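The data block below is structure37.txt; it holds compact mmCIF, C-alpha atoms.
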# COMPACT_ATOMS: atom_id res chain seq x y z
CA MET M 526 -15.19 -165.47 -12.54
CA THR M 527 -17.75 -164.03 -14.94
CA ALA M 528 -16.80 -161.87 -17.88
CA ARG M 529 -18.44 -158.92 -16.11
CA GLU M 530 -16.38 -159.48 -12.92
CA GLY M 531 -13.28 -159.88 -15.03
CA ALA M 532 -13.88 -156.48 -16.60
CA ALA M 533 -14.28 -154.99 -13.13
CA ASP M 534 -10.83 -156.24 -12.15
CA GLU M 535 -9.21 -155.16 -15.40
CA PRO M 536 -6.89 -152.17 -14.80
CA GLY M 537 -7.95 -148.99 -16.62
CA PRO M 538 -5.58 -146.72 -18.53
CA GLU M 539 -4.42 -145.16 -15.22
CA GLY M 540 -3.73 -148.50 -13.56
CA MET M 541 -6.88 -148.69 -11.41
CA THR M 542 -9.49 -151.39 -11.75
CA ARG M 543 -13.15 -150.51 -11.80
CA ARG M 544 -13.56 -152.26 -8.46
CA GLN M 545 -10.78 -150.16 -6.92
CA LEU M 546 -12.28 -147.02 -8.38
CA LEU M 547 -15.67 -147.86 -6.84
CA ARG M 548 -14.03 -148.57 -3.49
CA HIS M 549 -12.14 -145.29 -3.54
CA THR M 550 -15.27 -143.43 -4.53
CA ALA M 551 -17.14 -145.00 -1.61
CA TRP M 552 -14.43 -143.97 0.89
CA PHE M 553 -14.31 -140.48 -0.58
CA GLY M 554 -18.10 -140.19 -0.42
CA ALA M 555 -18.10 -141.37 3.18
CA ALA M 556 -15.43 -138.78 4.02
CA VAL M 557 -17.50 -135.98 2.49
CA VAL M 558 -20.72 -137.10 4.19
CA LEU M 559 -19.03 -137.45 7.59
CA THR M 560 -17.26 -134.08 7.21
CA VAL M 561 -20.56 -132.33 6.48
CA ALA M 562 -22.28 -134.19 9.34
CA GLY M 563 -19.44 -133.35 11.75
CA GLY M 564 -19.53 -129.69 10.73
CA GLU M 565 -23.30 -129.62 11.22
CA VAL M 566 -22.99 -131.08 14.72
CA VAL M 567 -20.24 -128.63 15.74
CA SER M 568 -22.10 -125.60 14.38
CA HIS M 569 -25.28 -126.82 16.09
CA ILE M 570 -23.42 -127.03 19.41
CA ALA M 571 -22.04 -123.53 18.80
CA GLY M 572 -25.58 -122.19 18.50
CA PRO M 573 -26.80 -119.49 16.16
CA SER M 574 -24.13 -117.29 14.65
CA GLY M 575 -24.38 -113.67 13.62
CA ALA M 576 -26.57 -114.42 10.66
CA ALA M 577 -29.05 -116.28 12.83
CA ALA M 578 -28.95 -113.46 15.37
CA ASP M 579 -30.36 -111.19 12.68
CA ASP M 580 -33.66 -112.97 13.06
CA ASP M 581 -33.54 -113.09 16.85
CA PRO M 582 -35.68 -110.31 18.36
CA HIS M 583 -33.71 -110.63 21.62
CA ALA M 584 -30.32 -110.11 19.98
CA LEU M 585 -28.49 -106.85 20.53
CA ARG M 586 -27.40 -105.40 17.22
CA PHE M 587 -25.35 -102.33 16.55
CA VAL M 588 -23.28 -100.89 13.72
CA GLN M 589 -19.74 -99.53 13.70
CA ILE M 590 -18.52 -97.08 11.08
CA SER M 591 -15.20 -95.31 11.07
CA ASP M 592 -12.80 -92.84 9.49
CA SER M 593 -15.13 -90.79 7.31
CA HIS M 594 -12.77 -87.79 7.04
CA LEU M 595 -15.40 -85.27 5.97
CA GLY M 596 -13.54 -82.45 4.26
CA PHE M 597 -10.77 -84.63 2.82
CA LYS M 598 -9.69 -83.57 -0.66
CA GLY M 599 -7.49 -85.94 -2.60
CA SER M 600 -7.32 -88.45 -5.39
CA ALA M 601 -7.84 -91.38 -2.98
CA ASN M 602 -11.48 -90.29 -2.73
CA THR M 603 -12.71 -87.12 -4.36
CA ALA M 604 -16.17 -87.41 -2.78
CA VAL M 605 -15.87 -88.52 0.87
CA GLU M 606 -19.17 -86.83 1.78
CA GLU M 607 -20.94 -88.87 -0.88
CA SER M 608 -19.27 -92.05 0.39
CA PHE M 609 -20.36 -91.25 3.95
CA SER M 610 -23.89 -90.61 2.79
CA HIS M 611 -23.79 -93.95 0.98
CA ALA M 612 -22.67 -95.72 4.16
CA LEU M 613 -25.45 -94.09 6.16
CA GLY M 614 -27.97 -95.15 3.52
CA GLN M 615 -26.69 -98.71 3.74
CA ILE M 616 -27.21 -98.67 7.53
CA ASN M 617 -30.74 -97.30 7.11
CA ALA M 618 -31.48 -100.08 4.62
CA LEU M 619 -30.60 -102.85 7.10
CA PRO M 620 -33.49 -105.21 7.83
CA TYR M 621 -33.35 -104.25 11.51
CA ARG M 622 -32.98 -101.04 13.50
CA PRO M 623 -29.59 -101.10 15.24
CA ALA M 624 -29.63 -100.26 18.96
CA PHE M 625 -26.96 -97.68 18.20
CA VAL M 626 -24.46 -96.66 15.57
CA MET M 627 -20.90 -96.04 16.80
CA HIS M 628 -18.50 -93.92 14.78
CA THR M 629 -14.98 -94.74 15.94
CA GLY M 630 -13.36 -91.46 15.02
CA ASP M 631 -11.94 -89.26 12.32
CA LEU M 632 -15.41 -88.04 11.59
CA THR M 633 -13.81 -84.96 10.08
CA HIS M 634 -10.52 -84.43 8.30
CA LEU M 635 -9.54 -81.04 9.70
CA ALA M 636 -11.85 -80.58 12.72
CA THR M 637 -13.42 -77.35 11.44
CA PRO M 638 -16.79 -76.24 12.89
CA ALA M 639 -18.36 -76.62 9.42
CA GLN M 640 -17.13 -80.21 9.09
CA PHE M 641 -18.43 -81.11 12.56
CA ASP M 642 -21.76 -79.51 11.75
CA GLN M 643 -21.99 -81.42 8.48
CA VAL M 644 -21.19 -84.80 10.05
CA ARG M 645 -23.65 -84.19 12.90
CA GLN M 646 -26.42 -83.30 10.48
CA MET M 647 -25.73 -86.28 8.26
CA MET M 648 -25.69 -88.72 11.16
CA SER M 649 -28.92 -87.30 12.56
CA GLY M 650 -30.69 -89.01 9.64
CA LEU M 651 -29.68 -92.47 10.87
CA ARG M 652 -32.48 -94.87 11.68
CA THR M 653 -31.13 -96.04 15.04
CA GLY M 654 -31.70 -95.73 18.77
CA GLN M 655 -28.61 -93.60 19.35
CA VAL M 656 -25.61 -92.18 17.53
CA LEU M 657 -22.35 -92.49 19.49
CA THR M 658 -18.80 -91.44 18.70
CA VAL M 659 -15.21 -91.47 19.89
CA PRO M 660 -12.77 -88.87 18.55
CA GLY M 661 -9.97 -89.57 16.11
CA GLU M 662 -6.77 -87.55 15.95
CA HIS M 663 -8.19 -85.64 12.94
CA ASP M 664 -11.08 -84.50 15.17
CA SER M 665 -8.72 -82.79 17.58
CA ILE M 666 -6.07 -81.31 15.35
CA ASP M 667 -5.68 -77.88 16.91
CA ASP M 668 -7.66 -77.78 20.14
CA THR M 669 -7.22 -81.14 21.98
CA GLY M 670 -10.79 -82.04 21.08
CA GLN M 671 -12.60 -78.89 22.25
CA LYS M 672 -14.76 -78.50 19.11
CA TYR M 673 -15.40 -82.23 19.02
CA ARG M 674 -16.70 -82.22 22.58
CA GLU M 675 -18.92 -79.19 21.92
CA VAL M 676 -20.75 -81.25 19.30
CA PHE M 677 -20.42 -84.84 20.56
CA GLY M 678 -19.27 -84.54 24.18
CA ALA M 679 -22.62 -84.39 25.99
CA GLY M 680 -22.78 -86.88 28.85
CA THR M 681 -19.12 -87.83 28.68
CA ALA M 682 -16.47 -87.65 31.38
CA GLY M 683 -12.92 -86.27 31.30
CA ASP M 684 -11.81 -85.61 27.73
CA GLY M 685 -14.83 -87.37 26.25
CA TRP M 686 -14.73 -90.95 27.52
CA TYR M 687 -17.83 -92.76 28.77
CA SER M 688 -19.42 -96.15 29.36
CA PHE M 689 -22.92 -97.54 29.07
CA ASP M 690 -24.86 -100.80 29.21
CA VAL M 691 -27.21 -102.31 26.67
CA GLN M 692 -28.93 -105.68 27.11
CA GLY M 693 -26.35 -106.97 29.57
CA VAL M 694 -23.32 -105.90 27.52
CA HIS M 695 -21.01 -103.27 29.04
CA PHE M 696 -19.58 -100.77 26.54
CA ILE M 697 -16.59 -98.52 27.21
CA SER M 698 -15.69 -95.70 24.81
CA LEU M 699 -12.12 -94.51 25.21
CA VAL M 700 -10.22 -91.49 23.90
CA ASN M 701 -6.63 -92.30 22.93
CA THR M 702 -5.99 -89.54 20.42
CA LEU M 703 -5.46 -86.42 22.52
CA SER M 704 -1.99 -86.88 24.03
CA LEU M 705 -0.48 -88.29 20.89
CA GLU M 706 3.24 -88.48 20.52
CA LYS M 707 3.85 -91.43 18.31
CA LEU M 708 1.40 -93.98 19.69
CA GLY M 709 -2.09 -93.49 21.06
CA HIS M 710 -2.29 -92.66 24.75
CA LEU M 711 -5.01 -93.05 27.38
CA GLY M 712 -3.45 -91.34 30.39
CA ASN M 713 -3.79 -91.93 34.12
CA ASP M 714 -7.21 -90.31 34.52
CA GLN M 715 -8.75 -92.50 31.87
CA LEU M 716 -7.01 -95.64 33.15
CA GLU M 717 -8.46 -94.91 36.58
CA PHE M 718 -11.87 -94.44 34.96
CA VAL M 719 -11.62 -97.90 33.36
CA ARG M 720 -10.47 -99.52 36.59
CA LYS M 721 -13.36 -98.09 38.61
CA ASP M 722 -15.87 -98.58 35.78
CA VAL M 723 -15.46 -102.35 35.64
CA ALA M 724 -14.59 -102.99 39.30
CA LYS M 725 -18.06 -104.09 40.32
CA LEU M 726 -19.06 -105.93 37.17
CA PRO M 727 -19.39 -109.74 37.31
CA ALA M 728 -16.73 -111.60 35.30
CA ASP M 729 -19.29 -113.05 32.87
CA THR M 730 -20.38 -109.58 31.65
CA PRO M 731 -19.46 -109.22 27.97
CA ILE M 732 -17.25 -106.16 27.57
CA VAL M 733 -16.91 -104.11 24.39
CA VAL M 734 -14.31 -101.36 24.18
CA PHE M 735 -14.37 -98.68 21.49
CA SER M 736 -11.35 -96.56 20.63
CA HIS M 737 -10.00 -94.82 17.57
CA ILE M 738 -6.39 -96.04 17.62
CA PRO M 739 -5.95 -99.81 18.13
CA LEU M 740 -5.44 -100.97 21.71
CA PHE M 741 -3.02 -103.60 20.40
CA ALA M 742 0.34 -103.12 18.73
CA MET M 743 -0.81 -103.43 15.12
CA TYR M 744 2.14 -101.53 13.67
CA PRO M 745 3.87 -99.26 16.19
CA ALA M 746 6.26 -97.87 13.56
CA TRP M 747 3.26 -96.04 12.09
CA GLY M 748 1.77 -95.22 15.49
CA TRP M 749 -0.81 -98.01 15.18
CA GLY M 750 -0.94 -98.91 18.84
CA THR M 751 -1.56 -97.37 22.26
CA ASP M 752 1.36 -97.07 24.65
CA ASP M 753 -0.57 -97.64 27.89
CA ALA M 754 -3.27 -100.00 26.57
CA THR M 755 -1.73 -102.95 28.44
CA GLN M 756 -2.65 -101.27 31.71
CA ALA M 757 -6.26 -100.74 30.60
CA LEU M 758 -6.56 -104.30 29.33
CA SER M 759 -5.17 -105.67 32.62
CA TYR M 760 -8.38 -104.42 34.30
CA LEU M 761 -10.37 -106.47 31.79
CA ARG M 762 -8.33 -109.67 32.16
CA ARG M 763 -10.85 -111.34 34.50
CA PHE M 764 -13.76 -111.01 32.06
CA SER M 765 -14.62 -114.00 29.93
CA SER M 766 -15.38 -112.00 26.78
CA VAL M 767 -13.71 -108.72 25.81
CA THR M 768 -14.07 -107.28 22.32
CA CYS M 769 -12.12 -104.20 21.26
CA LEU M 770 -13.39 -102.34 18.18
CA ASN M 771 -11.24 -99.60 16.70
CA GLY M 772 -10.73 -97.55 13.57
CA HIS M 773 -7.74 -95.44 12.47
CA VAL M 774 -6.04 -98.02 10.23
CA HIS M 775 -8.64 -97.92 7.40
CA GLN M 776 -8.53 -101.70 6.92
CA LEU M 777 -9.95 -104.86 8.41
CA PHE M 778 -7.76 -106.70 10.86
CA THR M 779 -8.55 -109.19 13.63
CA LYS M 780 -6.43 -110.72 16.34
CA THR M 781 -6.84 -112.37 19.72
CA GLU M 782 -4.74 -112.06 22.85
CA GLY M 783 -5.98 -114.29 25.65
CA ASN M 784 -9.56 -113.30 26.45
CA VAL M 785 -9.50 -110.21 24.20
CA THR M 786 -10.42 -110.09 20.52
CA PHE M 787 -9.46 -106.99 18.57
CA HIS M 788 -11.24 -105.96 15.38
CA SER M 789 -9.95 -103.02 13.35
CA ALA M 790 -12.65 -101.55 11.13
CA THR M 791 -12.28 -100.24 7.64
CA THR M 792 -13.13 -96.73 6.51
CA THR M 793 -16.04 -95.10 4.72
CA ALA M 794 -13.56 -92.79 2.91
CA TYR M 795 -10.28 -94.14 1.47
CA PRO M 796 -7.83 -96.96 2.19
CA LEU M 797 -4.43 -96.77 3.86
CA PRO M 798 -1.60 -99.16 2.93
CA GLN M 799 -1.08 -102.44 4.73
CA PRO M 800 1.51 -102.14 7.50
CA GLY M 801 5.03 -101.76 6.18
CA THR M 802 4.14 -101.95 2.51
CA ARG M 803 4.88 -98.25 1.94
CA PRO M 804 7.15 -95.72 3.62
CA ALA M 805 4.24 -94.01 5.37
CA PRO M 806 0.50 -94.55 6.03
CA THR M 807 -0.69 -92.09 3.40
CA PRO M 808 -3.99 -92.41 1.47
CA VAL M 809 -3.92 -95.03 -1.29
CA THR M 810 -5.44 -94.23 -4.65
CA LEU M 811 -6.96 -97.41 -6.02
CA PRO M 812 -7.71 -98.17 -9.67
CA ALA M 813 -11.12 -97.07 -10.89
CA GLY M 814 -13.93 -99.23 -9.54
CA LYS M 815 -11.87 -100.73 -6.70
CA LEU M 816 -12.54 -98.12 -4.02
CA GLY M 817 -15.86 -99.66 -2.94
CA GLU M 818 -14.11 -102.89 -1.98
CA ALA M 819 -11.89 -101.09 0.51
CA ARG M 820 -14.69 -99.32 2.36
CA GLY M 821 -17.49 -100.68 4.47
CA ILE M 822 -19.64 -100.80 7.55
CA ARG M 823 -19.55 -103.32 10.38
CA GLU M 824 -22.57 -105.07 11.81
CA VAL M 825 -22.20 -106.52 15.30
CA ALA M 826 -24.65 -108.83 17.02
CA TYR M 827 -24.79 -110.22 20.52
CA ARG M 828 -27.21 -112.92 21.48
CA PRO M 829 -27.77 -113.26 25.26
CA GLY M 830 -26.19 -116.47 26.53
CA ASN M 831 -23.54 -116.54 23.81
CA PRO M 832 -19.92 -116.19 24.85
CA GLY M 833 -18.93 -113.52 22.33
CA LEU M 834 -20.09 -111.10 19.70
CA ALA M 835 -20.68 -111.87 16.05
CA VAL M 836 -18.85 -109.37 13.85
CA LYS M 837 -19.81 -109.01 10.20
CA ASP M 838 -17.94 -106.62 7.92
CA VAL M 839 -19.88 -105.53 4.85
CA ARG M 840 -18.47 -103.63 1.87
CA LEU M 841 -20.11 -100.45 0.75
CA ALA M 842 -22.53 -101.60 -1.92
CA MET V 102 -6.72 -153.11 5.12
CA THR V 103 -3.93 -150.54 5.00
CA GLY V 104 -1.10 -149.99 7.47
CA ASN V 105 -0.66 -151.64 10.82
CA LEU V 106 -3.43 -151.32 13.37
CA PRO V 107 -1.72 -149.46 16.27
CA MET V 108 -0.24 -146.89 13.88
CA ARG V 109 -3.56 -146.37 12.19
CA LEU V 110 -5.50 -146.02 15.43
CA GLY V 111 -2.83 -143.67 16.81
CA THR V 112 -3.08 -141.47 13.72
CA ALA V 113 -6.87 -141.47 13.96
CA ALA V 114 -6.75 -140.53 17.66
CA CYS V 115 -4.31 -137.64 17.10
CA LEU V 116 -6.40 -136.36 14.21
CA ALA V 117 -9.52 -136.53 16.36
CA VAL V 118 -7.74 -134.52 19.07
CA SER V 119 -6.83 -131.85 16.50
CA GLY V 120 -10.46 -131.83 15.32
CA TYR V 121 -11.71 -131.54 18.89
CA VAL V 122 -9.44 -128.55 19.63
CA HIS V 123 -10.60 -126.77 16.48
CA ALA V 124 -14.25 -127.54 17.27
CA GLU V 125 -13.85 -126.25 20.83
CA LEU V 126 -12.22 -123.02 19.66
CA TYR V 127 -14.91 -122.60 17.02
CA VAL V 128 -17.69 -123.02 19.60
CA HIS V 129 -16.00 -120.68 22.10
CA GLY V 130 -15.63 -117.62 19.95
CA TYR V 131 -13.58 -118.25 16.81
CA ARG V 132 -16.71 -118.67 14.72
CA VAL V 133 -17.18 -114.90 14.61
CA ILE V 134 -13.81 -114.33 12.95
CA PRO V 135 -14.15 -113.91 9.19
CA PHE V 136 -12.66 -116.80 7.16
CA VAL V 137 -10.89 -118.26 10.22
CA GLY V 138 -14.20 -119.32 11.82
CA PRO V 139 -15.47 -121.34 8.82
CA ALA V 140 -11.95 -122.74 8.32
CA PHE V 141 -11.97 -124.05 11.89
CA LEU V 142 -15.36 -125.67 11.26
CA VAL V 143 -14.10 -127.40 8.11
CA GLN V 144 -10.95 -128.50 9.93
CA ALA V 145 -12.99 -129.95 12.80
CA GLY V 146 -15.53 -131.73 10.60
CA GLY V 147 -12.86 -133.05 8.23
CA SER V 148 -10.63 -134.26 11.05
CA PHE V 149 -13.45 -136.16 12.76
CA ALA V 150 -14.52 -137.74 9.47
CA ILE V 151 -11.04 -138.84 8.40
CA ALA V 152 -10.27 -140.07 11.93
CA VAL V 153 -13.32 -142.36 11.89
CA LEU V 154 -12.58 -143.67 8.41
CA LEU V 155 -8.88 -144.20 9.17
CA ALA V 156 -9.83 -146.22 12.24
CA LEU V 157 -12.04 -148.36 10.01
CA GLY V 158 -9.11 -148.92 7.67
CA GLY V 159 -9.36 -146.54 4.74
CA PRO V 160 -7.12 -146.54 1.67
CA VAL V 161 -4.07 -144.42 0.99
CA LEU V 162 -6.30 -141.56 -0.14
CA LEU V 163 -7.47 -141.07 3.45
CA ARG V 164 -3.93 -141.04 4.79
CA LEU V 165 -3.16 -138.30 2.29
CA ALA V 166 -6.25 -136.43 3.47
CA ALA V 167 -5.09 -136.80 7.09
CA ALA V 168 -1.67 -135.43 6.17
CA GLY V 169 -3.34 -132.56 4.30
CA LEU V 170 -5.49 -131.64 7.29
CA ALA V 171 -2.50 -131.74 9.65
CA LEU V 172 -0.31 -129.72 7.28
CA GLY V 173 -3.13 -127.25 6.66
CA ALA V 174 -3.63 -126.68 10.38
CA LEU V 175 0.11 -126.29 11.01
CA GLY V 176 0.43 -123.96 8.02
CA GLY V 177 -2.50 -121.84 9.25
CA PHE V 178 -0.90 -121.68 12.70
CA ALA V 179 2.43 -120.51 11.23
CA VAL V 180 0.80 -117.91 8.96
CA SER V 181 -1.37 -116.51 11.79
CA ARG V 182 1.81 -115.98 13.84
CA THR V 183 3.73 -114.28 11.05
CA VAL V 184 2.11 -112.40 8.18
CA GLY V 185 -1.47 -112.97 9.33
CA LEU V 186 -4.23 -115.17 7.96
CA PHE V 187 -6.74 -112.96 6.10
CA GLY V 188 -6.01 -110.20 8.58
CA PHE V 189 -6.09 -112.49 11.64
CA THR V 190 -3.03 -112.81 13.86
CA GLU V 191 -2.22 -114.41 17.18
CA HIS V 192 0.91 -114.57 19.30
CA GLY V 193 2.94 -117.56 20.44
CA LEU V 194 1.09 -120.48 21.94
CA GLN V 195 -2.11 -118.53 22.58
CA PRO V 196 -4.80 -119.63 23.18
CA ALA V 197 -3.33 -121.91 25.86
CA PRO V 198 -3.39 -124.83 26.13
CA GLU V 199 -5.35 -125.40 22.89
CA ALA V 200 -2.63 -124.11 20.57
CA LEU V 201 0.04 -126.42 22.00
CA VAL V 202 -2.27 -129.45 22.15
CA SER V 203 -3.27 -128.91 18.54
CA LEU V 204 0.34 -128.46 17.39
CA LEU V 205 1.45 -131.66 19.11
CA ALA V 206 -1.50 -133.64 17.76
CA GLU V 207 -0.92 -132.49 14.18
CA ALA V 208 2.83 -133.12 14.39
CA ALA V 209 2.07 -136.59 15.75
CA VAL V 210 -0.28 -137.27 12.83
CA LEU V 211 2.51 -136.46 10.37
CA VAL V 212 5.10 -138.52 12.27
CA LEU V 213 2.80 -141.54 12.55
CA LEU V 214 1.86 -141.35 8.87
CA GLY V 215 5.53 -141.08 7.92
CA VAL V 216 6.58 -144.01 10.09
CA SER V 217 3.77 -146.25 8.86
CA HIS V 218 4.65 -145.33 5.28
CA LEU V 219 8.30 -146.30 5.87
CA LEU V 220 7.31 -149.55 7.59
CA ALA V 221 5.00 -150.47 4.72
CA ARG V 222 7.74 -149.78 2.18
CA ARG V 223 10.25 -151.84 4.11
CA ARG V 224 7.77 -154.75 4.24
CA ARG V 225 7.28 -154.52 0.49
CA GLU V 226 11.03 -154.46 -0.12
CA THR V 227 11.82 -157.37 2.24
CA PRO V 228 11.14 -160.66 0.44
CA GLY V 229 9.13 -163.08 2.55
CA ALA V 230 8.23 -160.51 5.17
CA VAL V 231 4.84 -160.99 6.76
CA ALA V 232 2.61 -157.94 6.38
Represent the structure from my file as structure tokens, please.
Amino acid sequence: MTAREGAADEPGPEGMTRRQLLRHTAWFGAAVVLTVAGGEVVSHIAGPSGAAADDDPHALRFVQISDSHLGFKGSANTAVEESFSHALGQINALPYRPAFVMHTGDLTHLATPAQFDQVRQMMSGLRTGQVLTVPGEHDSIDDTGQKYREVFGAGTAGDGWYSFDVQGVHFISLVNTLSLEKLGHLGNDQLEFVRKDVAKLPADTPIVVFSHIPLFAMYPAWGWGTDDATQALSYLRRFSSVTCLNGHVHQLFTKTEGNVTFHSATTTAYPLPQPGTRPAPTPVTLPAGKLGEARGIREVAYRPGNPGLAVKDVRLA
Amino acid sequence: MTGNLPMRLGTAACLAVSGYVHAELYVHGYRVIPFVGPAFLVQAGGSFAIAVLLALGGPVLLRLAAAGLALGALGGFAVSRTVGLFGFTEHGLQPAPEALVSLLAEAAVLVLLGVSHLLARRRRETPGAVA
């Protein structure tokens, strides 16, 4: 053995020889290289994700915003109109023109004609193909949605529900805020609408469902669920991809149940507490400078041939 | 070489199964879920890598990494069924059968690593035993 080899086998202060250290380093390096290579292969098989879809001219892209509460006065956000304007500016600054912008309810705080007029005017400045909405319970406080439908109800059925198709994706906009007791409620007429609406669609049609209140039991004690949603979702069971996008809870939340993925959106106005962390879901006043982190917009992309939608939540800048 | 061959290959196979399940779920939709999607990709890539290296006979460091991956996946499963993982929750053994297959594979990884560790210690403690 040479002196050099002898030094290599000499244990260091931590009891490891240089040779052992080199061997361990080689195994560790191989693990890292193989992990990266494996991840590359898997993501290549998965195809382009949402980010890649941004560059795809054939991708369908739309934006969801929610819970703007125009007219709200409180310490949780003393300038909700300014926040909403900021969110709209962020949408207009996107590097693409969304096919549509969907507002999933609580456009206004008190459903006054002036608040509806203000929100309509502000949203008319959006650089998008179409502005769509579903009502929140704040949009139908005293008239079961009459004023809401006068402004946003054109082309809808029943109490304001509707469906439409864009680039092979079938969209259903539901109203679950009008017959509120504790939980959201769709009602028999709307359930029948859903059943008939999807009856003739092939099972590989991607389905997206918009509603204000979650269609899953996020926190029933606070009314964060819809009592007859199971019936509506049973009509969608045969579809390979169902995505439900809702508002109401003012915070991001995702869950899957079988073939359905639920995404709760955050607000453009003010946060609500996480389920069960406070006695009631009342507006949360955050420390100075923290409010922006709780609010945001949601970009959604669908690339034809992909099994599902890519959902990207972005904070208000 | 470390550990006995059947144990090592069994551990590698179970880890590869766990990696495959995570890769399949990632490809078929989970990639769009914030944080959970990238975590599934890391789990899949890491599991495949450690499985290959374990099969080739890696040192104790790799067995620790295998245990870490299995524990991480089981921990993520438990959290997603209770308090939620970065706002992501699922119920029971959904998606089926992937959730159950993954759970069994990761539990098997931990059992096999534990047994091979005990066997190795017994061999070291038994004078004259043939490794």
Around the point (-8.5, -107.1, 8.1), in the coordinates given by the file, pick out the residues reaching within 12 Å, counting all atoms listed in the file, and return them as a PyMOL selection string.
-> (chain M and resi 743+771-772+774-780+787-792+796-800+819-821+823+837-839) or (chain V and resi 134-137+184-190)
Atom-to-atom span, CA of Leu841 in chain M and CA of Thr768 in chain M, Å |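 One can read the CA of Leu841 in chain M to CA of Thr768 in chain M distance as 23.4 Å.
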Select from range 714-818 of chain M every residue with an atom at most 12 Å from any atom of range 196-206 of chain V, then for each give the shortest pair of atoms and their distance in Å to one decimal, using only C-alpha atoms, rows by chain and rising number, as CSV.
residue,atom,partner,partner_atom,distance
M:Lys780,CA,V:Pro196,CA,11.4
M:Thr781,CA,V:Pro196,CA,8.3
M:Glu782,CA,V:Pro196,CA,7.6
M:Gly783,CA,V:Pro196,CA,6.0
M:Asn784,CA,V:Pro196,CA,8.6
M:Val785,CA,V:Pro196,CA,10.6
M:Thr786,CA,V:Pro196,CA,11.4
What's the 7 Å shell around range 653-667 of chain M, counting only C-alpha atoms, without same-chain residues fewer than 6 positions away, as a VMD selection string?
-> chain M and resid 622 to 636 673 698 to 700 702 to 703 736 to 737
Given a cut-off of 7 Å, which residues of chain V touch chain M, counting only C-alpha atoms, written out as a PyMOL selection string?
-> chain V and resi 124+128-130+133+142-143+145-147+149-151+159+188-191+195-196
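Minimum atom-to-atom distances from M:Gly709, M:Gly680, M:Gly693, M:Gly750 to Ala584 in chain M were compared using all atoms listed in the file, and the lowest value belongs to M:Gly693.
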Find the spatial neighbours of Phe141 in chain V, counting all atoms listed in the file, within a cut-off of 8 Å - ignore same-chain residues fewer than 6 positions away - and output them as a CSV table (one decimal) with C-alpha atoms, in the coordinates of the input.
chain,number,residue,atom,x,y,z
V,123,HIS,CA,-10.6,-126.8,16.5
V,124,ALA,CA,-14.2,-127.5,17.3
V,126,LEU,CA,-12.2,-123.0,19.7
V,127,TYR,CA,-14.9,-122.6,17.0
V,131,TYR,CA,-13.6,-118.2,16.8
V,132,ARG,CA,-16.7,-118.7,14.7
Using only C-alpha atoms, determine which residues lie at most 12 Å from Tyr687 in chain M, disregarding the query and same-chain residues fewer than 2 positions distant; provide the list as a PDB file with C-alpha atoms, in the coordinates of the input.
ATOM      1  CA  LEU M 657     -22.350 -92.490  19.490  1.00  0.00           C
ATOM      2  CA  THR M 658     -18.800 -91.440  18.700  1.00  0.00           C
ATOM      3  CA  VAL M 659     -15.210 -91.470  19.890  1.00  0.00           C
ATOM      4  CA  PHE M 677     -20.420 -84.840  20.560  1.00  0.00           C
ATOM      5  CA  GLY M 678     -19.270 -84.540  24.180  1.00  0.00           C
ATOM      6  CA  ALA M 679     -22.620 -84.390  25.990  1.00  0.00           C
ATOM      7  CA  GLY M 680     -22.780 -86.880  28.850  1.00  0.00           C
ATOM      8  CA  THR M 681     -19.120 -87.830  28.680  1.00  0.00           C
ATOM      9  CA  ALA M 682     -16.470 -87.650  31.380  1.00  0.00           C
ATOM     10  CA  GLY M 683     -12.920 -86.270  31.300  1.00  0.00           C
ATOM     11  CA  ASP M 684     -11.810 -85.610  27.730  1.00  0.00           C
ATOM     12  CA  GLY M 685     -14.830 -87.370  26.250  1.00  0.00           C
ATOM     13  CA  PHE M 689     -22.920 -97.540  29.070  1.00  0.00           C
ATOM     14  CA  ASP M 690     -24.860-100.800  29.210  1.00  0.00           C
ATOM     15  CA  HIS M 695     -21.010-103.270  29.040  1.00  0.00           C
ATOM     16  CA  PHE M 696     -19.580-100.770  26.540  1.00  0.00           C
ATOM     17  CA  ILE M 697     -16.590 -98.520  27.210  1.00  0.00           C
ATOM     18  CA  SER M 698     -15.690 -95.700  24.810  1.00  0.00           C
ATOM     19  CA  LEU M 699     -12.120 -94.510  25.210  1.00  0.00           C
ATOM     20  CA  VAL M 700     -10.220 -91.490  23.900  1.00  0.00           C
ATOM     21  CA  GLN M 715      -8.750 -92.500  31.870  1.00  0.00           C
ATOM     22  CA  PHE M 718     -11.870 -94.440  34.960  1.00  0.00           C
ATOM     23  CA  VAL M 719     -11.620 -97.900  33.360  1.00  0.00           C
ATOM     24  CA  ASP M 722     -15.870 -98.580  35.780  1.00  0.00           C
ATOM     25  CA  VAL M 734     -14.310-101.360  24.180  1.00  0.00           C
ATOM     26  CA  PHE M 735     -14.370 -98.680  21.490  1.00  0.00           C
ATOM     27  CA  SER M 736     -11.350 -96.560  20.630  1.00  0.00           C
TER      28      SER M 736
END
Have a look at M:Leu770, M:Leu816, M:Val605, M:Ala757 and name the one nearest to Glu717 in chain M; count all atoms listed in the file.
->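 Among the listed residues, M:Ala757 lies closest to Glu717 in chain M.
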